[in-house]
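Since the structure comes first, as structure tokens, the remarks are kept for the end.
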Amino acid sequence: MKAAEVRELSSDDLTSKLKEARAELFNLRFQMATSQLDNTARVKQVKKDIARIQTEMRAREIAAAGASK
């Protein structure tokens with residue numbers, strides 16, 4: 001998921017995508033621990049997606065706080 005795609009999502013969509021990404025990361029870590037993971041690079045991709053989503057959520061939070069002042 002690219003940063004531009006993340007910016008286009010609504011707040012509810014961001015929350016659901018974050019939940020999905022965290023669940024996927026959990027499953028990937030579980031597969032890695034049991035030596036069933038084929039694509040180890042996917043872990044890094046999911047972590048970056050989580051970071052992008054959290055960054056956009058925080059930016060929106062800051063913008064909302066700035067607008068209310």
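Chain lettering (A, B, ...) mirrors the order of the structure tokens, residue numbering begins at 1 for each chain separately, and ligand numbering begins at 1 in order of display.
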Q) Could you pull the residues within 12 Å of Ser16 (chain A), counting only C-alpha atoms, minus those fewer than 4 positions along the same chain, as a PyMOL selection string? A) chain A and resi 6+9-12+20-23+50+53-54+57
For the residues selected in the previous step, produce a file with C-alpha atoms as a compact mmCIF listing (two decimals), in the first residue's frame.
```txt
# COMPACT_ATOMS: atom_id res chain seq x y z
CA VAL A 6 -3.49 5.66 2.54
CA LEU A 9 -8.96 6.37 2.78
CA SER A 10 -11.51 7.58 5.31
CA SER A 11 -10.84 7.40 9.03
CA ASP A 12 -13.01 4.32 9.42
CA GLU A 20 -6.24 -6.15 9.27
CA ALA A 21 -2.53 -5.34 8.93
CA ARG A 22 -1.86 -6.09 12.60
CA ALA A 23 -3.67 -9.42 12.27
CA ILE A 50 1.21 -0.23 9.59
CA ILE A 53 -1.44 4.07 8.38
CA GLN A 54 -0.49 5.21 11.89
CA MET A 57 -4.00 8.80 11.46
```
Q: Skip Arg29 (chain A) itself and residues of its chain fewer than 6 positions away, then list as a ChimeraX atom specification all residues within 10 Å of it, counting only C-alpha atoms.
A: /A:23,35-37,40,43
Q | One-decimal distance in Å that lies between CA of Asp49 (chain A) and CA of Leu25 (chain A) | A |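 Between CA of Leu25 (chain A) and CA of Asp49 (chain A) the gap works out to 10.3 Å.
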Could you pull out the helix (DSSP H, G or I) residues of chain A from DSSP and send them as a CSV table (one decimal) with N, CA and C atoms, in the first residue's frame?
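Output file states12.csv is given in full below:
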```
chain,number,residue,atom,x,y,z
A,3,ALA,N,1.6,5.5,0.1
A,3,ALA,CA,1.2,6.6,1.0
A,3,ALA,C,0.0,7.3,0.4
A,4,ALA,N,0.0,7.5,-0.9
A,4,ALA,CA,-1.1,8.1,-1.6
A,4,ALA,C,-2.4,7.4,-1.4
A,5,GLU,N,-2.3,6.1,-1.4
A,5,GLU,CA,-3.5,5.3,-1.2
A,5,GLU,C,-4.0,5.4,0.2
A,6,VAL,N,-3.1,5.5,1.1
A,6,VAL,CA,-3.5,5.7,2.5
A,6,VAL,C,-4.2,7.0,2.8
A,7,ARG,N,-3.7,8.0,2.1
A,7,ARG,CA,-4.3,9.4,2.3
A,7,ARG,C,-5.7,9.4,1.8
A,8,GLU,N,-6.0,8.6,0.8
A,8,GLU,CA,-7.4,8.7,0.2
A,8,GLU,C,-8.4,8.0,1.0
A,11,SER,N,-11.3,7.8,7.7
A,11,SER,CA,-10.8,7.4,9.0
A,11,SER,C,-11.3,6.0,9.4
A,12,ASP,N,-12.5,5.7,9.1
A,12,ASP,CA,-13.0,4.3,9.4
A,12,ASP,C,-12.3,3.3,8.6
A,13,ASP,N,-12.0,3.6,7.4
A,13,ASP,CA,-11.2,2.6,6.5
A,13,ASP,C,-9.8,2.4,7.1
A,14,LEU,N,-9.2,3.5,7.5
A,14,LEU,CA,-7.9,3.5,8.1
A,14,LEU,C,-7.8,2.5,9.3
A,15,THR,N,-8.8,2.7,10.2
A,15,THR,CA,-8.9,1.9,11.4
A,15,THR,C,-9.1,0.4,11.0
A,16,SER,N,-9.9,0.1,10.1
A,16,SER,CA,-10.1,-1.3,9.7
A,16,SER,C,-8.8,-1.9,9.0
A,17,LYS,N,-8.2,-1.1,8.1
A,17,LYS,CA,-7.0,-1.5,7.5
A,17,LYS,C,-5.9,-1.8,8.5
A,18,LEU,N,-5.8,-0.9,9.6
A,18,LEU,CA,-4.8,-1.1,10.6
A,18,LEU,C,-5.0,-2.4,11.3
A,19,LYS,N,-6.3,-2.7,11.7
A,19,LYS,CA,-6.6,-3.9,12.3
A,19,LYS,C,-6.3,-5.1,11.5
A,20,GLU,N,-6.6,-5.1,10.2
A,20,GLU,CA,-6.2,-6.1,9.3
A,20,GLU,C,-4.7,-6.3,9.2
A,21,ALA,N,-4.0,-5.2,9.1
A,21,ALA,CA,-2.5,-5.3,8.9
A,21,ALA,C,-1.9,-5.9,10.2
A,22,ARG,N,-2.4,-5.5,11.4
A,22,ARG,CA,-1.9,-6.1,12.6
A,22,ARG,C,-2.2,-7.6,12.7
A,23,ALA,N,-3.3,-8.0,12.3
A,23,ALA,CA,-3.7,-9.4,12.3
A,23,ALA,C,-2.8,-10.2,11.3
A,24,GLU,N,-2.5,-9.6,10.1
A,24,GLU,CA,-1.7,-10.2,9.2
A,24,GLU,C,-0.2,-10.4,9.7
A,25,LEU,N,0.2,-9.3,10.4
A,25,LEU,CA,1.6,-9.3,10.9
A,25,LEU,C,1.7,-10.4,12.0
A,26,PHE,N,0.7,-10.6,12.8
A,26,PHE,CA,0.6,-11.6,13.8
A,26,PHE,C,0.7,-13.0,13.1
A,27,ASN,N,-0.1,-13.2,12.1
A,27,ASN,CA,0.0,-14.5,11.4
A,27,ASN,C,1.3,-14.7,10.7
A,28,LEU,N,1.9,-13.7,10.2
A,28,LEU,CA,3.2,-13.9,9.5
A,28,LEU,C,4.3,-14.2,10.6
A,29,ARG,N,4.2,-13.6,11.7
A,29,ARG,CA,5.2,-13.9,12.8
A,29,ARG,C,5.0,-15.4,13.3
A,30,PHE,N,3.8,-15.8,13.3
A,30,PHE,CA,3.5,-17.1,13.8
A,30,PHE,C,4.0,-18.1,12.7
A,31,GLN,N,3.8,-17.8,11.4
A,31,GLN,CA,4.3,-18.7,10.4
A,31,GLN,C,5.9,-18.7,10.4
A,32,MET,N,6.5,-17.6,10.7
A,32,MET,CA,7.9,-17.5,10.7
A,32,MET,C,8.5,-18.4,11.9
A,33,ALA,N,7.8,-18.4,13.0
A,33,ALA,CA,8.2,-19.1,14.2
A,33,ALA,C,8.1,-20.6,13.9
A,41,ALA,N,10.0,-11.3,3.2
A,41,ALA,CA,10.0,-9.9,2.9
A,41,ALA,C,8.6,-9.3,3.2
A,42,ARG,N,7.6,-10.1,3.2
A,42,ARG,CA,6.2,-9.7,3.5
A,42,ARG,C,6.1,-9.0,4.9
A,43,VAL,N,6.9,-9.6,5.8
A,43,VAL,CA,6.9,-9.0,7.2
A,43,VAL,C,7.2,-7.6,7.2
A,44,LYS,N,8.3,-7.2,6.5
A,44,LYS,CA,8.8,-5.9,6.4
A,44,LYS,C,7.8,-5.0,5.7
A,45,GLN,N,7.1,-5.5,4.7
A,45,GLN,CA,6.1,-4.7,3.9
A,45,GLN,C,4.9,-4.4,4.8
A,46,VAL,N,4.5,-5.4,5.6
A,46,VAL,CA,3.3,-5.2,6.5
A,46,VAL,C,3.7,-4.2,7.6
A,47,LYS,N,4.9,-4.2,8.1
A,47,LYS,CA,5.3,-3.3,9.1
A,47,LYS,C,5.3,-1.9,8.6
A,48,LYS,N,5.8,-1.7,7.4
A,48,LYS,CA,5.8,-0.4,6.7
A,48,LYS,C,4.3,0.1,6.5
A,49,ASP,N,3.5,-0.8,6.1
A,49,ASP,CA,2.1,-0.4,5.9
A,49,ASP,C,1.4,0.1,7.2
A,50,ILE,N,1.7,-0.6,8.3
A,50,ILE,CA,1.2,-0.2,9.6
A,50,ILE,C,1.7,1.2,10.0
A,51,ALA,N,3.0,1.4,9.7
A,51,ALA,CA,3.6,2.7,10.0
A,51,ALA,C,3.0,3.8,9.2
A,52,ARG,N,2.7,3.5,7.9
A,52,ARG,CA,2.1,4.5,7.0
A,52,ARG,C,0.7,4.9,7.5
A,53,ILE,N,-0.1,3.9,7.9
A,53,ILE,CA,-1.4,4.1,8.4
A,53,ILE,C,-1.4,4.9,9.7
A,54,GLN,N,-0.6,4.5,10.6
A,54,GLN,CA,-0.5,5.2,11.9
A,54,GLN,C,0.0,6.7,11.7
A,55,THR,N,0.9,6.9,10.8
A,55,THR,CA,1.3,8.2,10.5
A,55,THR,C,0.2,9.1,10.0
A,56,GLU,N,-0.6,8.6,9.0
A,56,GLU,CA,-1.7,9.3,8.5
A,56,GLU,C,-2.8,9.6,9.5
A,57,MET,N,-3.0,8.6,10.4
A,57,MET,CA,-4.0,8.8,11.5
A,57,MET,C,-3.5,9.9,12.4
A,58,ARG,N,-2.3,9.9,12.7
A,58,ARG,CA,-1.7,10.9,13.6
A,58,ARG,C,-1.8,12.3,13.0
A,59,ALA,N,-1.4,12.4,11.7
A,59,ALA,CA,-1.5,13.7,11.0
A,59,ALA,C,-2.9,14.2,11.0
A,60,ARG,N,-3.9,13.4,10.8
A,60,ARG,CA,-5.3,13.8,10.8
A,60,ARG,C,-5.7,14.3,12.2
A,61,GLU,N,-5.2,13.6,13.2
A,61,GLU,CA,-5.5,14.0,14.6
A,61,GLU,C,-4.9,15.4,14.9
A,62,ILE,N,-3.7,15.6,14.5
A,62,ILE,CA,-3.0,16.9,14.7
A,62,ILE,C,-3.7,18.0,13.9
A,63,ALA,N,-4.1,17.7,12.7
A,63,ALA,CA,-4.8,18.7,11.9
A,63,ALA,C,-6.2,19.0,12.5
A,64,ALA,N,-6.9,18.1,13.1
A,64,ALA,CA,-8.1,18.3,13.7
A,64,ALA,C,-8.0,19.2,15.0
A,65,ALA,N,-6.9,18.9,15.7
A,65,ALA,CA,-6.6,19.7,16.9
A,65,ALA,C,-6.2,21.1,16.6
A,66,GLY,N,-5.5,21.3,15.5
A,66,GLY,CA,-5.1,22.6,15.1
A,66,GLY,C,-6.3,23.4,14.5
A,67,ALA,N,-7.2,22.7,13.9
A,67,ALA,CA,-8.4,23.4,13.4
A,67,ALA,C,-9.4,23.8,14.5
A,68,SER,N,-9.4,23.1,15.6
A,68,SER,CA,-10.3,23.4,16.7
A,68,SER,C,-9.8,24.6,17.5
```
